[in-house]
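Q: Next comes start_8.cif, mmCIF, C-alpha atoms:
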```
data_target
#
loop_
_atom_site.group_PDB
_atom_site.id
_atom_site.type_symbol
_atom_site.label_atom_id
_atom_site.label_comp_id
_atom_site.auth_asym_id
_atom_site.auth_seq_id
_atom_site.Cartn_x
_atom_site.Cartn_y
_atom_site.Cartn_z
ATOM 1 C CA MET Y 1 -17.485 17.747 21.328
ATOM 2 C CA THR Y 2 -16.202 15.882 24.338
ATOM 3 C CA SER Y 3 -17.546 12.415 23.657
ATOM 4 C CA SER Y 4 -15.111 9.577 23.086
ATOM 5 C CA ALA Y 5 -15.009 6.326 21.204
ATOM 6 C CA THR Y 6 -13.260 3.067 21.914
ATOM 7 C CA PRO Y 7 -11.931 1.825 18.586
ATOM 8 C CA ASN Y 8 -11.505 -1.803 17.641
ATOM 9 C CA ASN Y 9 -8.113 -3.463 17.308
ATOM 10 C CA ASN Y 10 -8.026 -3.083 13.548
ATOM 11 C CA SER Y 11 -7.883 0.680 13.502
ATOM 12 C CA MET Y 12 -6.782 2.252 16.756
ATOM 13 C CA SER Y 13 -5.394 1.577 20.202
ATOM 14 C CA SER Y 14 -7.796 0.768 23.027
ATOM 15 C CA LYS Y 15 -7.452 4.261 24.511
ATOM 16 C CA PRO Y 16 -10.562 6.432 23.937
ATOM 17 C CA ILE Y 17 -9.964 9.020 21.244
ATOM 18 C CA HIS Y 18 -11.345 12.546 21.707
ATOM 19 C CA PHE Y 19 -11.982 15.128 19.015
ATOM 20 C CA ASP Y 20 -9.197 17.405 20.215
ATOM 21 C CA GLU Y 21 -6.710 14.510 20.067
ATOM 22 C CA ILE Y 22 -7.896 13.517 16.586
ATOM 23 C CA SER Y 23 -7.536 17.119 15.437
ATOM 24 C CA ALA Y 24 -4.010 17.391 16.874
ATOM 25 C CA ARG Y 25 -2.899 14.158 15.175
ATOM 26 C CA ILE Y 26 -4.295 15.187 11.803
ATOM 27 C CA SER Y 27 -2.737 18.638 12.098
ATOM 28 C CA ALA Y 28 0.701 17.228 12.889
ATOM 29 C CA MET Y 29 0.560 14.754 10.003
ATOM 30 C CA LYS Y 30 -0.617 17.397 7.535
ATOM 31 C CA MET Y 31 2.322 19.598 8.523
ATOM 32 C CA GLN Y 32 4.631 16.670 7.788
ATOM 33 C CA GLU Y 33 3.141 15.843 4.400
ATOM 34 C CA GLU Y 34 3.421 19.478 3.350
ATOM 35 C CA SER Y 35 7.153 19.419 4.044
ATOM 36 C CA THR Y 36 9.366 18.899 0.997
ATOM 37 C CA ALA Y 37 11.203 16.161 2.922
ATOM 38 C CA TYR Y 38 8.068 13.991 2.807
ATOM 39 C CA ARG Y 39 6.769 14.825 -0.663
ATOM 40 C CA CYS Y 40 6.934 12.364 -3.548
ATOM 41 C CA SER Y 41 6.777 12.873 -7.287
ATOM 42 C CA ASP Y 42 5.851 10.699 -10.225
ATOM 43 C CA TYR Y 43 9.492 10.082 -11.025
ATOM 44 C CA PHE Y 44 8.640 7.941 -14.038
ATOM 45 C CA SER Y 45 7.213 10.979 -15.836
ATOM 46 C CA ALA Y 46 10.613 12.701 -15.954
ATOM 47 C CA GLY Y 47 11.829 10.583 -18.859
ATOM 48 C CA LYS Y 48 12.536 7.042 -20.010
ATOM 49 C CA THR Y 49 14.535 4.922 -17.566
ATOM 50 C CA SER Y 50 15.482 1.259 -17.247
ATOM 51 C CA VAL Y 51 12.997 0.943 -14.381
ATOM 52 C CA ASP Y 52 9.366 1.625 -15.287
ATOM 53 C CA ALA Y 53 6.001 1.789 -13.537
ATOM 54 C CA SER Y 54 5.361 -1.886 -14.242
ATOM 55 C CA CYS Y 55 8.554 -2.817 -12.423
ATOM 56 C CA ARG Y 56 7.527 -0.762 -9.395
ATOM 57 C CA SER Y 57 4.073 -2.364 -9.424
ATOM 58 C CA LYS Y 58 5.636 -5.855 -9.370
ATOM 59 C CA LEU Y 59 7.856 -4.880 -6.452
ATOM 60 C CA VAL Y 60 4.873 -3.469 -4.558
ATOM 61 C CA GLU Y 61 3.051 -6.767 -5.125
ATOM 62 C CA TRP Y 62 6.074 -8.742 -3.938
ATOM 63 C CA THR Y 63 6.411 -6.588 -0.815
ATOM 64 C CA TYR Y 64 2.772 -7.195 0.103
ATOM 65 C CA SER Y 65 3.392 -10.931 -0.384
ATOM 66 C CA ILE Y 66 6.205 -10.840 2.160
ATOM 67 C CA VAL Y 67 4.146 -8.758 4.581
ATOM 68 C CA ASP Y 68 1.189 -11.140 4.295
ATOM 69 C CA PHE Y 69 3.410 -14.224 4.587
ATOM 70 C CA CYS Y 70 4.909 -12.941 7.834
ATOM 71 C CA GLY Y 71 1.702 -11.566 9.311
ATOM 72 C CA PHE Y 72 3.138 -8.045 9.350
ATOM 73 C CA GLN Y 73 1.003 -4.911 9.345
ATOM 74 C CA GLN Y 74 -0.086 -3.249 6.120
ATOM 75 C CA GLU Y 75 1.500 -0.122 7.578
ATOM 76 C CA THR Y 76 4.916 -1.785 7.282
ATOM 77 C CA ALA Y 77 4.554 -2.116 3.511
ATOM 78 C CA LEU Y 78 3.239 1.441 3.155
ATOM 79 C CA THR Y 79 6.210 2.771 5.111
ATOM 80 C CA ALA Y 80 8.635 0.841 2.892
ATOM 81 C CA PHE Y 81 7.030 2.298 -0.257
ATOM 82 C CA SER Y 82 7.288 5.782 1.238
ATOM 83 C CA TYR Y 83 11.015 5.296 1.859
ATOM 84 C CA VAL Y 84 11.644 4.193 -1.726
ATOM 85 C CA ASP Y 85 9.555 6.912 -3.355
ATOM 86 C CA ARG Y 86 10.857 9.735 -1.184
ATOM 87 C CA TYR Y 87 14.434 8.583 -1.682
ATOM 88 C CA ILE Y 88 14.149 8.674 -5.462
ATOM 89 C CA SER Y 89 11.981 11.810 -5.501
ATOM 90 C CA SER Y 90 14.813 13.705 -3.828
ATOM 91 C CA GLY Y 91 16.221 13.900 -7.354
ATOM 92 C CA SER Y 92 19.919 13.703 -6.557
ATOM 93 C CA GLU Y 93 22.208 12.085 -9.098
ATOM 94 C CA HIS Y 94 23.094 9.381 -6.586
ATOM 95 C CA THR Y 95 19.500 8.394 -5.763
ATOM 96 C CA ARG Y 96 18.331 8.427 -9.383
ATOM 97 C CA LYS Y 97 20.933 5.825 -10.298
ATOM 98 C CA ALA Y 98 18.429 3.279 -9.012
ATOM 99 C CA LEU Y 99 16.125 4.161 -11.912
ATOM 100 C CA ASP Y 100 18.823 3.263 -14.394
ATOM 101 C CA ASP Y 101 19.613 -0.104 -12.836
ATOM 102 C CA ARG Y 102 16.853 -2.592 -12.105
ATOM 103 C CA ARG Y 103 19.114 -4.568 -9.822
ATOM 104 C CA LEU Y 104 19.686 -1.482 -7.643
ATOM 105 C CA TYR Y 105 15.975 -0.655 -7.668
ATOM 106 C CA GLN Y 106 15.090 -4.127 -6.421
ATOM 107 C CA LEU Y 107 17.784 -3.881 -3.766
ATOM 108 C CA LEU Y 108 16.338 -0.530 -2.698
ATOM 109 C CA PHE Y 109 12.845 -2.035 -2.258
ATOM 110 C CA MET Y 110 14.108 -4.966 -0.207
ATOM 111 C CA THR Y 111 16.219 -2.693 1.986
ATOM 112 C CA ALA Y 112 13.305 -0.293 2.533
ATOM 113 C CA LEU Y 113 11.184 -3.219 3.718
ATOM 114 C CA HIS Y 114 14.018 -4.291 6.005
ATOM 115 C CA ILE Y 115 14.061 -0.835 7.661
ATOM 116 C CA ALA Y 116 10.260 -0.583 7.846
ATOM 117 C CA VAL Y 117 10.095 -3.946 9.625
ATOM 118 C CA LYS Y 118 12.566 -2.618 12.197
ATOM 119 C CA ILE Y 119 10.305 0.380 12.801
ATOM 120 C CA HIS Y 120 6.903 -1.307 12.938
ATOM 121 C CA GLU Y 121 7.360 -4.957 13.867
ATOM 122 C CA THR Y 122 8.607 -6.924 16.870
ATOM 123 C CA LYS Y 123 9.983 -9.654 14.606
ATOM 124 C CA GLN Y 124 12.906 -8.787 12.357
ATOM 125 C CA ILE Y 125 14.350 -9.838 8.997
ATOM 126 C CA ASP Y 126 18.119 -9.641 9.219
ATOM 127 C CA ALA Y 127 20.492 -9.083 6.301
ATOM 128 C CA LEU Y 128 21.440 -12.754 5.993
ATOM 129 C CA VAL Y 129 17.778 -13.735 5.695
ATOM 130 C CA LEU Y 130 17.299 -11.066 3.032
ATOM 131 C CA SER Y 131 20.233 -12.484 1.104
ATOM 132 C CA ARG Y 132 18.715 -15.988 1.236
ATOM 133 C CA LEU Y 133 15.337 -14.525 0.287
ATOM 134 C CA SER Y 134 16.911 -13.060 -2.855
ATOM 135 C CA HIS Y 135 18.357 -16.511 -3.681
ATOM 136 C CA GLY Y 136 21.842 -15.035 -3.393
ATOM 137 C CA LYS Y 137 21.180 -12.202 -5.809
ATOM 138 C CA TYR Y 138 22.394 -9.782 -3.125
ATOM 139 C CA SER Y 139 24.850 -10.313 -0.297
ATOM 140 C CA ALA Y 140 24.222 -9.353 3.325
ATOM 141 C CA GLY Y 141 26.913 -6.699 2.932
ATOM 142 C CA GLU Y 142 25.047 -5.101 0.025
ATOM 143 C CA PHE Y 143 21.913 -4.811 2.133
ATOM 144 C CA LEU Y 144 23.821 -3.159 4.969
ATOM 145 C CA GLU Y 145 25.508 -0.740 2.578
ATOM 146 C CA LYS Y 146 22.212 0.158 0.905
ATOM 147 C CA GLU Y 147 20.601 0.607 4.327
ATOM 148 C CA ARG Y 148 23.141 3.318 5.203
ATOM 149 C CA ASP Y 149 22.666 4.918 1.793
ATOM 150 C CA LEU Y 150 18.868 4.927 2.126
ATOM 151 C CA LEU Y 151 18.907 6.336 5.651
ATOM 152 C CA ASN Y 152 21.253 9.122 4.594
ATOM 153 C CA GLY Y 153 19.169 9.822 1.492
ATOM 154 C CA LEU Y 154 16.096 10.228 3.699
ATOM 155 C CA ASP Y 155 18.090 12.363 6.144
ATOM 156 C CA TRP Y 156 16.950 9.810 8.755
ATOM 157 C CA ARG Y 157 13.337 11.011 8.479
ATOM 158 C CA LEU Y 158 11.587 7.678 8.999
ATOM 159 C CA SER Y 159 8.194 8.571 10.454
ATOM 160 C CA GLY Y 160 6.329 10.328 7.662
ATOM 161 C CA PRO Y 161 2.541 9.898 7.528
ATOM 162 C CA THR Y 162 0.991 7.224 5.316
ATOM 163 C CA PRO Y 163 -2.535 7.052 3.858
ATOM 164 C CA MET Y 164 -3.532 4.441 6.455
ATOM 165 C CA GLU Y 165 -2.474 6.698 9.328
ATOM 166 C CA PHE Y 166 -4.761 9.426 8.018
ATOM 167 C CA ALA Y 167 -7.509 6.881 7.366
ATOM 168 C CA ARG Y 168 -7.365 5.629 10.951
ATOM 169 C CA CYS Y 169 -7.743 9.161 12.245
ATOM 170 C CA PHE Y 170 -10.663 9.788 9.900
ATOM 171 C CA LEU Y 171 -12.325 6.514 10.908
ATOM 172 C CA SER Y 172 -11.977 7.350 14.601
ATOM 173 C CA ILE Y 173 -14.520 10.122 13.946
ATOM 174 C CA VAL Y 174 -17.238 7.623 12.977
ATOM 175 C CA PRO Y 175 -18.334 6.764 16.561
ATOM 176 C CA HIS Y 176 -18.563 10.488 17.395
ATOM 177 C CA CYS Y 177 -21.094 10.851 14.589
ATOM 178 C CA GLY Y 178 -23.364 8.023 15.678
ATOM 179 C CA GLY Y 179 -21.694 5.138 13.871
ATOM 180 C CA ASP Y 180 -20.785 1.923 15.656
ATOM 181 C CA ASP Y 181 -17.720 -0.342 15.662
ATOM 182 C CA ALA Y 182 -19.299 -2.629 13.062
ATOM 183 C CA SER Y 183 -19.719 0.160 10.514
ATOM 184 C CA LYS Y 184 -16.212 1.437 11.248
ATOM 185 C CA SER Y 185 -14.765 -2.056 10.762
ATOM 186 C CA LEU Y 186 -16.586 -2.433 7.454
ATOM 187 C CA LEU Y 187 -15.324 0.934 6.262
ATOM 188 C CA LEU Y 188 -11.797 -0.031 7.311
ATOM 189 C CA THR Y 189 -11.983 -3.133 5.126
ATOM 190 C CA TYR Y 190 -12.943 -1.135 2.047
ATOM 191 C CA VAL Y 191 -10.398 1.597 2.771
ATOM 192 C CA GLN Y 192 -7.543 -0.889 3.210
ATOM 193 C CA GLN Y 193 -8.339 -2.512 -0.106
ATOM 194 C CA GLN Y 194 -8.325 0.802 -1.963
ATOM 195 C CA ILE Y 195 -5.148 2.089 -0.344
ATOM 196 C CA LYS Y 196 -3.445 -1.166 -1.280
ATOM 197 C CA LYS Y 197 -4.486 -0.541 -4.878
ATOM 198 C CA ALA Y 198 -3.360 3.093 -4.709
ATOM 199 C CA THR Y 199 0.185 2.212 -3.662
ATOM 200 C CA ALA Y 200 0.729 0.230 -6.868
ATOM 201 C CA LYS Y 201 -0.290 3.140 -9.102
ATOM 202 C CA SER Y 202 2.684 5.319 -10.005
ATOM 203 C CA ASP Y 203 0.432 8.099 -11.295
ATOM 204 C CA LEU Y 204 -0.726 8.642 -7.689
ATOM 205 C CA LEU Y 205 2.810 9.071 -6.342
ATOM 206 C CA SER Y 206 2.489 12.845 -6.222
ATOM 207 C CA GLN Y 207 -0.809 12.756 -4.324
ATOM 208 C CA LYS Y 208 -0.670 13.529 -0.616
ATOM 209 C CA PRO Y 209 -1.393 10.668 1.816
ATOM 210 C CA SER Y 210 -4.326 12.628 3.268
ATOM 211 C CA THR Y 211 -5.897 12.970 -0.193
ATOM 212 C CA ILE Y 212 -5.600 9.249 -0.862
ATOM 213 C CA ALA Y 213 -7.036 8.445 2.573
ATOM 214 C CA LEU Y 214 -10.011 10.781 2.210
ATOM 215 C CA SER Y 215 -10.704 9.557 -1.333
ATOM 216 C CA ALA Y 216 -10.616 5.919 -0.224
ATOM 217 C CA LEU Y 217 -12.946 6.648 2.697
ATOM 218 C CA LEU Y 218 -15.436 8.572 0.563
ATOM 219 C CA ASN Y 219 -15.529 5.705 -1.927
ATOM 220 C CA ALA Y 220 -15.996 3.227 0.920
ATOM 221 C CA MET Y 221 -18.865 5.240 2.381
ATOM 222 C CA SER Y 222 -20.581 5.320 -0.996
ATOM 223 C CA GLU Y 223 -20.400 1.516 -1.178
ATOM 224 C CA ILE Y 224 -21.780 0.444 2.175
ATOM 225 C CA ASP Y 225 -25.476 -0.024 2.786
ATOM 226 C CA GLY Y 226 -27.438 2.812 4.388
ATOM 227 C CA LYS Y 227 -28.326 0.445 7.221
ATOM 228 C CA ASP Y 228 -24.655 0.234 8.182
ATOM 229 C CA LEU Y 229 -24.200 4.010 8.138
ATOM 230 C CA PRO Y 230 -27.412 6.051 7.699
ATOM 231 C CA GLN Y 231 -27.306 9.129 5.483
ATOM 232 C CA GLN Y 232 -27.386 11.607 8.366
ATOM 233 C CA GLN Y 233 -24.374 9.946 10.019
ATOM 234 C CA HIS Y 234 -22.669 9.674 6.643
ATOM 235 C CA LEU Y 235 -22.926 13.434 6.110
ATOM 236 C CA SER Y 236 -21.891 14.120 9.695
ATOM 237 C CA VAL Y 237 -18.695 12.078 9.289
ATOM 238 C CA ILE Y 238 -17.747 13.882 6.073
ATOM 239 C CA SER Y 239 -18.397 17.355 7.468
ATOM 240 C CA SER Y 240 -16.440 16.535 10.636
ATOM 241 C CA ILE Y 241 -13.438 15.307 8.627
ATOM 242 C CA GLU Y 242 -13.551 18.378 6.404
ATOM 243 C CA ALA Y 243 -13.562 20.635 9.457
ATOM 244 C CA LEU Y 244 -10.865 18.814 11.424
ATOM 245 C CA ALA Y 245 -8.548 18.166 8.483
ATOM 246 C CA GLU Y 246 -9.319 21.415 6.648
ATOM 247 C CA MET Y 247 -9.965 19.450 3.476
ATOM 248 C CA ASP Y 248 -12.584 19.707 0.734
ATOM 249 C CA SER Y 249 -14.185 16.412 -0.218
ATOM 250 C CA HIS Y 250 -15.234 17.954 -3.553
ATOM 251 C CA SER Y 251 -11.774 19.214 -4.543
ATOM 252 C CA SER Y 252 -10.437 18.266 -7.973
ATOM 253 C CA GLU Y 253 -7.610 16.248 -6.389
ATOM 254 C CA VAL Y 254 -9.989 14.155 -4.290
ATOM 255 C CA GLN Y 255 -12.342 13.576 -7.215
ATOM 256 C CA LEU Y 256 -9.423 12.496 -9.431
ATOM 257 C CA VAL Y 257 -8.135 9.979 -6.887
ATOM 258 C CA ARG Y 258 -11.636 8.677 -6.167
ATOM 259 C CA LYS Y 259 -12.093 7.970 -9.864
ATOM 260 C CA GLN Y 260 -8.772 6.113 -10.056
ATOM 261 C CA LEU Y 261 -9.637 3.959 -7.052
ATOM 262 C CA ARG Y 262 -13.174 2.996 -8.064
ATOM 263 C CA GLY Y 263 -13.534 -0.614 -9.065
ATOM 264 C CA SER Y 264 -11.252 -1.889 -6.309
ATOM 265 C CA PHE Y 265 -14.098 -3.432 -4.309
ATOM 266 C CA SER Y 266 -14.373 -6.738 -6.177
ATOM 267 C CA GLY Y 267 -14.134 -9.623 -3.784
ATOM 268 C CA CYS Y 268 -14.359 -7.342 -0.762
ATOM 269 C CA CYS Y 269 -16.366 -8.691 2.131
ATOM 270 C CA ALA Y 270 -17.468 -7.461 5.542
ATOM 271 C CA VAL Y 271 -14.628 -9.257 7.301
ATOM 272 C CA PRO Y 272 -11.654 -6.974 8.116
ATOM 273 C CA ILE Y 273 -8.537 -7.778 6.098
ATOM 274 C CA SER Y 274 -6.014 -9.759 8.108
ATOM 275 C CA SER Y 275 -3.114 -12.156 7.643
ATOM 276 C CA THR Y 276 -2.300 -15.434 9.309
ATOM 277 C CA ASN Y 277 0.745 -14.931 11.510
ATOM 278 C CA ILE Y 278 3.122 -17.565 10.185
ATOM 279 C CA CYS Y 279 6.234 -16.123 11.827
ATOM 280 C CA GLN Y 280 6.836 -17.486 15.289
ATOM 281 C CA ASN Y 281 10.362 -16.341 16.155
ATOM 282 C CA GLU Y 282 11.925 -12.954 16.763
ATOM 283 C CA THR Y 283 13.868 -13.300 13.508
ATOM 284 C CA VAL Y 284 11.983 -14.555 10.467
ATOM 285 C CA ASP Y 285 13.429 -17.753 9.002
ATOM 286 C CA PHE Y 286 11.887 -18.123 5.558
ATOM 287 C CA GLU Y 287 13.729 -21.327 4.730
ATOM 288 C CA LYS Y 288 12.502 -23.079 7.873
ATOM 289 C CA GLN Y 289 8.940 -21.929 7.284
ATOM 290 C CA SER Y 290 8.984 -22.747 3.596
ATOM 291 C CA SER Y 291 10.056 -26.324 4.215
ATOM 292 C CA SER Y 292 6.684 -27.114 5.732
ATOM 293 C CA ALA Y 293 4.601 -24.688 3.689
ATOM 294 C CA SER Y 294 2.595 -25.391 0.585
ATOM 295 C CA PRO Y 295 4.125 -24.742 -2.862
ATOM 296 C CA VAL Y 296 1.908 -21.664 -3.129
ATOM 297 C CA CYS Y 297 3.280 -20.197 0.094
ATOM 298 C CA VAL Y 298 6.839 -20.897 -0.996
ATOM 299 C CA SER Y 299 6.306 -19.187 -4.354
ATOM 300 C CA ARG Y 300 4.876 -16.121 -2.634
ATOM 301 C CA VAL Y 301 8.219 -15.281 -1.063
ATOM 302 C CA SER Y 302 10.458 -16.259 -3.971
ATOM 303 C CA PHE Y 303 12.265 -13.102 -5.013
ATOM 304 C CA SER Y 304 13.987 -14.423 -8.113
ATOM 305 C CA GLU Y 305 11.013 -16.278 -9.565
ATOM 306 C CA ARG Y 306 8.530 -13.461 -8.942
ATOM 307 C CA LEU Y 307 10.625 -10.537 -10.111
ATOM 308 C CA SER Y 308 13.654 -11.357 -12.214
ATOM 309 C CA LYS Y 309 11.610 -11.960 -15.358
ATOM 310 C CA THR Y 310 9.596 -8.754 -15.083
ATOM 311 C CA CYS Y 311 11.818 -6.248 -13.320
#
```
The structure given in the file should be rewritten as structure tokens.
A:
Amino acid sequence: MTSSATPNNNSMSSKPIHFDEISARISAMKMQEESTAYRCSDYFSAGKTSVDASCRSKLVEWTYSIVDFCGFQQETALTAFSYVDRYISSGSEHTRKALDDRRLYQLLFMTALHIAVKIHETKQIDALVLSRLSHGKYSAGEFLEKERDLLNGLDWRLSGPTPMEFARCFLSIVPHCGGDDASKSLLLTYVQQQIKKATAKSDLLSQKPSTIALSALLNAMSEIDGKDLPQQQHLSVISSIEALAEMDSHSSEVQLVRKQLRGSFSGCCAVPISSTNICQNETVDFEKQSSSASPVCVSRVSFSERLSKTC
């Protein structure tokens, strides 16, 4: 096909996306996710450690709180989680120390977010702000030291694909198959909600980002009304994704992930997920913002209160 689609701001850039470009993007990302450098494992299944899946889930929740508070992209949080999970999945004695020390694991999460913000956002959170955000639990020097350690542990590979990157590519196919921007925006809302749920589940750590993305999209398509995406277009989208991504929507992996993600639609509406952009300066100043924020907003970014009791 040679037709093109102009995506909305929630999923793609304003440049028309053609099938050959979509195919090339998917192909490049699938090559990356197949590489051992970008693979993750369920590192909690290897044996009992001081850090458990519940601790990771709390840290994922806290990271999303910071991202929402600052008006950052969901992609920033997903990238941070990828850094943490890939770092520990490397299996070296040095990286696995974080699983035996909850303090180090928390430091790793905060540092991963710090790096992801540098990659994806125009505003930054510097080491001093991170130290204040932790209520002095970590010094600025510790963040800088852990940043070097994390970058070296990842071999400076910072641009691995995330489920949302695959999902955006898959969603860009919708207009080619007769769908409109409204149906694509609705699907995006459902997909975002499911991917957010998936990132908190440690038993999905070993699943490829493309599998999570396809599973979330298939679940989303099964939820929306036929008026938003008629059956013929629905089938056309699925067959096009299967062909371009060389994936099987009926594979055991996809069916397993779909089952795990079902039930994540409660409270979902037809309005795309977004966050109020509270941050106004190039460097985020949480203390300045919190002084005029509500108690709820302040508690959302409190590291010690949210995590110290549970992780």
Q: Which residue gives the smallest distance to Gln74 (chain Y) among Y:Lys196, Y:His94, Y:His250, Y:Arg103, with all atoms listed in the file counted?
A: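 Among the listed residues, the smallest separation from Gln74 (chain Y) belongs to Y:Lys196.
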Q: So what do you get for CA of Thr95 (chain Y) versus CA of Met31 (chain Y), distance-wise?
A: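 Taking CA of Thr95 (chain Y) as the start and CA of Met31 (chain Y) as the end point, the length is 25.0 Å.
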Q: With region 152-163 of chain Y as the partner and 8 Å as the cut-off, tabulate the residues of region 8-104 of chain Y that qualify, each row holding the nearest pair of atoms and their distance in Å to one decimal, using only C-alpha atoms, sorted by chain and rising number, as JSON lines.
A:
```
{"residue": "Y:Met29", "atom": "CA", "partner": "Y:Pro161", "partner_atom": "CA", "distance": 5.8}
{"residue": "Y:Gln32", "atom": "CA", "partner": "Y:Gly160", "partner_atom": "CA", "distance": 6.6}
{"residue": "Y:Glu33", "atom": "CA", "partner": "Y:Pro161", "partner_atom": "CA", "distance": 6.7}
{"residue": "Y:Ala37", "atom": "CA", "partner": "Y:Leu154", "partner_atom": "CA", "distance": 7.7}
{"residue": "Y:Tyr38", "atom": "CA", "partner": "Y:Gly160", "partner_atom": "CA", "distance": 6.3}
{"residue": "Y:Glu75", "atom": "CA", "partner": "Y:Thr162", "partner_atom": "CA", "distance": 7.7}
{"residue": "Y:Leu78", "atom": "CA", "partner": "Y:Thr162", "partner_atom": "CA", "distance": 6.6}
{"residue": "Y:Thr79", "atom": "CA", "partner": "Y:Thr162", "partner_atom": "CA", "distance": 6.9}
{"residue": "Y:Ser82", "atom": "CA", "partner": "Y:Thr162", "partner_atom": "CA", "distance": 7.6}
{"residue": "Y:Tyr83", "atom": "CA", "partner": "Y:Leu154", "partner_atom": "CA", "distance": 7.3}
{"residue": "Y:Arg86", "atom": "CA", "partner": "Y:Leu154", "partner_atom": "CA", "distance": 7.2}
{"residue": "Y:Tyr87", "atom": "CA", "partner": "Y:Gly153", "partner_atom": "CA", "distance": 5.8}
{"residue": "Y:Ser90", "atom": "CA", "partner": "Y:Gly153", "partner_atom": "CA", "distance": 7.9}
{"residue": "Y:Thr95", "atom": "CA", "partner": "Y:Gly153", "partner_atom": "CA", "distance": 7.4}
```
Q: Emit the selected residues as a short mmCIF file (atom, residue, chain, number, x, y, z; two decimals), in the frame of the given file, including C-alpha atoms.
A:
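The result, stored in selection_14.cif:
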```
data_model
loop_
_atom_site.label_atom_id
_atom_site.label_comp_id
_atom_site.auth_asym_id
_atom_site.auth_seq_id
_atom_site.Cartn_x
_atom_site.Cartn_y
_atom_site.Cartn_z
CA MET Y 29 0.56 14.75 10.00
CA GLN Y 32 4.63 16.67 7.79
CA GLU Y 33 3.14 15.84 4.40
CA ALA Y 37 11.20 16.16 2.92
CA TYR Y 38 8.07 13.99 2.81
CA GLU Y 75 1.50 -0.12 7.58
CA LEU Y 78 3.24 1.44 3.16
CA THR Y 79 6.21 2.77 5.11
CA SER Y 82 7.29 5.78 1.24
CA TYR Y 83 11.02 5.30 1.86
CA ARG Y 86 10.86 9.74 -1.18
CA TYR Y 87 14.43 8.58 -1.68
CA SER Y 90 14.81 13.70 -3.83
CA THR Y 95 19.50 8.39 -5.76
#
```
Q: Could the centre and edge lengths of an axis-aligned box, enclosing all atoms of region 60-79 of chain Y in the file with 8 Å extra on each side, be given in Å to one decimal as JSON?
A:
```
{"center_x": 3.2, "center_y": -5.7, "center_z": 2.1, "size_x": 22.5, "size_y": 33.0, "size_z": 30.5}
```
Q: Report as a count of residues only all protein, DNA and RNA residues lying within 12 Å of Ala98 (chain Y), evaluated on all atoms listed in the file, omitting residues in the same chain fewer than 3 positions from it.
A: 29
Q: Mind giving me the straight-line distance from CA of Trp62 (chain Y) to CA of Ser131 (chain Y) in Å, one decimal?
A: 15.5 Å
Q: Go through Y:Lys197, Y:Arg168, Y:Arg262, Y:Lys184 and flag the residue nearest Ile26 (chain Y), using only C-alpha atoms for the distances.
A: Y:Arg168
Q: Rounded to one decimal, what separation in Å do you get between CA of Cys55 (chain Y) and CA of Ala167 (chain Y)?
A: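 Straight-line distance from CA of Cys55 (chain Y) to CA of Ala167 (chain Y) works out to 27.3 Å.
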Q: Residues around (-16.9, 12.7, 7.3), cut-off 12 Å, counting only C-alpha atoms - what are they as a ChimeraX atom specification?
A: /Y:167,169-179,184,187,213-222,229,231-249
Q: With the file shown as input, list the residues that the PyMOL selection byres ((chain Y and resi 76) around 10) selects, as JSON, numbers by chain.
A: {"Y": [63, 64, 67, 72, 73, 74, 75, 77, 78, 79, 80, 81, 82, 112, 113, 114, 115, 116, 117, 118, 119, 120, 121]}
Q: I'd like the contact shell of Glu253 (chain Y) - 9 Å cut-off, all atoms listed in the file, skipping same-chain residues fewer than 5 positions apart - returned as a PyMOL selection string.
A: chain Y and resi 207+211+215+258
Q: With distances taken over only C-alpha atoms, which of Y:Arg39, Y:Phe166, Y:Asp181, Y:Gln255 is nearest to Ala24 (chain Y)?
A: Y:Phe166
Q: Which residue out of Y:Ser139, Y:Lys123, Y:Ser251, Y:Leu128 has the minimum interatomic distance to Cys70 (chain Y) when only C-alpha atoms are used?
A: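 So, comparing all the options, the nearest one is Y:Lys123.
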Q: Got a sec to check which residues sit within 10 Å of (0.4, 1.8, -7.6), counting all atoms listed in the file, and write them as a PDB file with C-alpha atoms, keeping the file's coordinate frame?
A:
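Saved as part_13.pdb:
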```pdb
ATOM      1  CA  ALA Y  53       6.001   1.789 -13.537  1.00  0.00           C
ATOM      2  CA  SER Y  54       5.361  -1.886 -14.242  1.00  0.00           C
ATOM      3  CA  ARG Y  56       7.527  -0.762  -9.395  1.00  0.00           C
ATOM      4  CA  SER Y  57       4.073  -2.364  -9.424  1.00  0.00           C
ATOM      5  CA  LYS Y  58       5.636  -5.855  -9.370  1.00  0.00           C
ATOM      6  CA  VAL Y  60       4.873  -3.469  -4.558  1.00  0.00           C
ATOM      7  CA  GLU Y  61       3.051  -6.767  -5.125  1.00  0.00           C
ATOM      8  CA  PHE Y  81       7.030   2.298  -0.257  1.00  0.00           C
ATOM      9  CA  ILE Y 195      -5.148   2.089  -0.344  1.00  0.00           C
ATOM     10  CA  LYS Y 196      -3.445  -1.166  -1.280  1.00  0.00           C
ATOM     11  CA  LYS Y 197      -4.486  -0.541  -4.878  1.00  0.00           C
ATOM     12  CA  ALA Y 198      -3.360   3.093  -4.709  1.00  0.00           C
ATOM     13  CA  THR Y 199       0.185   2.212  -3.662  1.00  0.00           C
ATOM     14  CA  ALA Y 200       0.729   0.230  -6.868  1.00  0.00           C
ATOM     15  CA  LYS Y 201      -0.290   3.140  -9.102  1.00  0.00           C
ATOM     16  CA  SER Y 202       2.684   5.319 -10.005  1.00  0.00           C
ATOM     17  CA  ASP Y 203       0.432   8.099 -11.295  1.00  0.00           C
ATOM     18  CA  LEU Y 204      -0.726   8.642  -7.689  1.00  0.00           C
ATOM     19  CA  LEU Y 205       2.810   9.071  -6.342  1.00  0.00           C
TER      20      LEU Y 205
END
```
